[in-house]
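Structure data (PDB, C-alpha atoms, pLDDT in the B column) from work_2.pdb:
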ATOM      1  CA  MET A  18       0.000   0.000   0.000  1.00 66.00           C
ATOM      2  CA  LYS A  19       2.867   2.337   0.792  1.00 74.00           C
ATOM      3  CA  THR A  20       4.235   1.809  -2.704  1.00 75.00           C
ATOM      4  CA  LEU A  21       0.912   2.787  -4.220  1.00 70.00           C
ATOM      5  CA  PHE A  22       0.914   6.105  -2.347  1.00 70.00           C
ATOM      6  CA  ARG A  23       4.490   6.828  -3.406  1.00 76.00           C
ATOM      7  CA  PHE A  24       3.593   6.088  -7.006  1.00 71.00           C
ATOM      8  CA  ARG A  25       0.554   8.390  -6.801  1.00 75.00           C
ATOM      9  CA  ASN A  26       2.640  11.178  -5.279  1.00 73.00           C
ATOM     10  CA  ARG A  27       5.340  10.847  -7.935  1.00 75.00           C
ATOM     11  CA  LEU A  28       2.755  10.793 -10.697  1.00 70.00           C
ATOM     12  CA  HIS A  29       1.058  13.884  -9.265  1.00 71.00           C
ATOM     13  CA  ALA A  30       4.413  15.698  -9.007  1.00 71.00           C
ATOM     14  CA  PHE A  31       5.275  14.723 -12.586  1.00 69.00           C
ATOM     15  CA  VAL A  32       1.941  15.857 -14.044  1.00 66.00           C
ATOM     16  CA  HIS A  33       1.408  19.023 -12.016  1.00 67.00           C
ATOM     17  CA  GLY A  34       5.001  20.009 -11.391  1.00 64.00           C
ATOM     18  CA  ASP A  35       6.715  20.005  -8.059  1.00 59.00           C
ATOM     19  CA  ASP A  36       8.154  23.523  -7.978  1.00 63.00           C
ATOM     20  CA  PRO A  37       6.265  25.741  -5.519  1.00 63.00           C
ATOM     21  CA  GLY A  38       8.168  28.881  -6.556  1.00 65.00           C
ATOM     22  CA  GLN A  39       7.370  28.508 -10.229  1.00 68.00           C
ATOM     23  CA  ALA A  40       4.124  30.495 -10.100  1.00 75.00           C
ATOM     24  CA  THR A  41       5.844  33.376  -8.295  1.00 80.00           C
ATOM     25  CA  THR A  42       8.637  33.423 -10.862  1.00 82.00           C
ATOM     26  CA  GLU A  43       6.209  33.386 -13.775  1.00 85.00           C
ATOM     27  CA  TYR A  44       4.205  36.208 -12.184  1.00 88.00           C
ATOM     28  CA  ALA A  45       7.368  38.283 -11.720  1.00 89.00           C
ATOM     29  CA  LEU A  46       8.429  37.707 -15.332  1.00 91.00           C
ATOM     30  CA  ILE A  47       5.014  38.739 -16.641  1.00 93.00           C
ATOM     31  CA  LEU A  48       5.116  41.934 -14.554  1.00 94.00           C
ATOM     32  CA  LEU A  49       8.630  42.664 -15.814  1.00 94.00           C
ATOM     33  CA  ALA A  50       7.551  42.179 -19.437  1.00 95.00           C
ATOM     34  CA  ALA A  51       4.527  44.447 -18.939  1.00 95.00           C
ATOM     35  CA  ALA A  52       6.744  47.126 -17.396  1.00 95.00           C
ATOM     36  CA  VAL A  53       9.187  46.961 -20.309  1.00 94.00           C
ATOM     37  CA  ILE A  54       6.359  47.283 -22.830  1.00 93.00           C
ATOM     38  CA  ALA A  55       4.890  50.225 -20.887  1.00 91.00           C
ATOM     39  CA  VAL A  56       8.263  52.007 -20.832  1.00 90.00           C
ATOM     40  CA  LEU A  57       8.709  51.440 -24.563  1.00 87.00           C
ATOM     41  CA  VAL A  58       5.240  52.815 -25.344  1.00 83.00           C
ATOM     42  CA  ILE A  59       5.753  55.843 -23.106  1.00 82.00           C
ATOM     43  CA  THR A  60       9.157  56.521 -24.657  1.00 81.00           C
ATOM     44  CA  TRP A  61       7.747  56.267 -28.160  1.00 77.00           C
ATOM     45  CA  ALA A  62       4.769  58.462 -27.337  1.00 76.00           C
ATOM     46  CA  THR A  63       6.792  61.248 -25.730  1.00 77.00           C
ATOM     47  CA  ALA A  64      10.124  61.403 -27.538  1.00 74.00           C
ATOM     48  CA  GLY A  65       9.729  59.310 -30.644  1.00 66.00           C
ATOM     49  CA  GLY A  66       7.192  61.449 -32.462  1.00 68.00           C
ATOM     50  CA  GLY A  67       4.301  59.351 -31.288  1.00 69.00           C
ATOM     51  CA  ALA A  68       2.624  62.256 -29.518  1.00 68.00           C
ATOM     52  CA  GLY A  69       1.697  63.865 -32.823  1.00 74.00           C
ATOM     53  CA  ARG A  70       0.411  60.587 -34.199  1.00 77.00           C
ATOM     54  CA  ILE A  71      -1.664  59.901 -31.108  1.00 76.00           C
ATOM     55  CA  GLY A  72      -3.109  63.425 -31.286  1.00 76.00           C
ATOM     56  CA  ASP A  73      -3.953  62.925 -34.955  1.00 81.00           C
ATOM     57  CA  LEU A  74      -5.591  59.592 -34.130  1.00 82.00           C
ATOM     58  CA  PHE A  75      -7.775  61.135 -31.414  1.00 82.00           C
ATOM     59  CA  ASP A  76      -8.666  64.055 -33.694  1.00 85.00           C
ATOM     60  CA  SER A  77      -9.771  61.729 -36.473  1.00 88.00           C
ATOM     61  CA  VAL A  78     -11.782  59.559 -34.061  1.00 88.00           C
ATOM     62  CA  PHE A  79     -13.546  62.569 -32.540  1.00 86.00           C
ATOM     63  CA  ASP A  80     -14.193  64.101 -35.956  1.00 86.00           C
ATOM     64  CA  GLY A  81     -15.675  60.818 -37.159  1.00 86.00           C
ATOM     65  CA  VAL A  82     -17.921  60.534 -34.125  1.00 85.00           C
ATOM     66  CA  LEU A  83     -19.048  64.138 -34.409  1.00 83.00           C
ATOM     67  CA  ASP A  84     -19.747  63.740 -38.141  1.00 83.00           C
ATOM     68  CA  LYS A  85     -21.931  60.705 -37.469  1.00 80.00           C
ATOM     69  CA  THR A  86     -23.808  62.327 -34.623  1.00 79.00           C
ATOM     70  CA  SER A  87     -24.255  65.780 -36.011  1.00 68.00           C
ATOM     71  CA  VAL A  88     -27.790  66.666 -37.022  1.00 61.00           C
ATOM     72  CA  SER A  89     -29.097  69.568 -38.946  1.00 57.00           C
ATOM     73  CA  PRO A  90     -29.766  72.596 -36.774  1.00 53.00           C
ATOM     74  CA  VAL A  91     -33.293  73.067 -35.610  1.00 53.00           C
ATOM     75  CA  THR A  92     -34.834  76.355 -36.585  1.00 59.00           C
ATOM     76  CA  THR A  93     -37.404  77.840 -34.356  1.00 63.00           C
ATOM     77  CA  VAL A  94     -40.303  79.710 -35.828  1.00 63.00           C
ATOM     78  CA  LYS A  95     -41.431  82.764 -33.936  1.00 66.00           C
ATOM     79  CA  PRO A  96     -45.191  83.135 -33.663  1.00 60.00           C
TER      80      PRO A  96
END
Take the structure in the file and give it back as structure tokens.
Amino acid sequence: MKTLFRFRNRLHAFVHGDDPGQATTEYALILLAAAVIAVLVITWATAGGGAGRIGDLFDSVFDGVLDKTSVSPVTTVKP
């Protein structure tokens, strides 16, 4: 019976991994990658000429929305 439990424990460790710090390491690496991407985007947007492009993008989006939502002016008739 003892052998059966050892086999089950080894099988469980093989299938699910037996490294308790692995999740913490993966979490730290994902946070590091997100921070690097954020720094790259901020650098591009501020110094790399991206600020003008982002402004142009927002202008075109707002102009498109305003064009689609604009209605003809309502004229009031005085009695």
A:Phe22, A:Ile71, A:Tyr44, A:Asp84 ranked by distance to Val58 in chain A, top pick (using all atoms listed in the file):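 The closest residue to Val58 in chain A is A:Ile71.
Computed from the coordinates, the CA of Gly81 in chain A to CA of Ile59 in chain A distance equals 26.1 Å.
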Provide the CA of Thr63 in chain A to CA of Phe79 in chain A distance in Å, to one decimal place.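 If I compute the distance from CA of Thr63 in chain A to CA of Phe79 in chain A, I get 21.5 Å.
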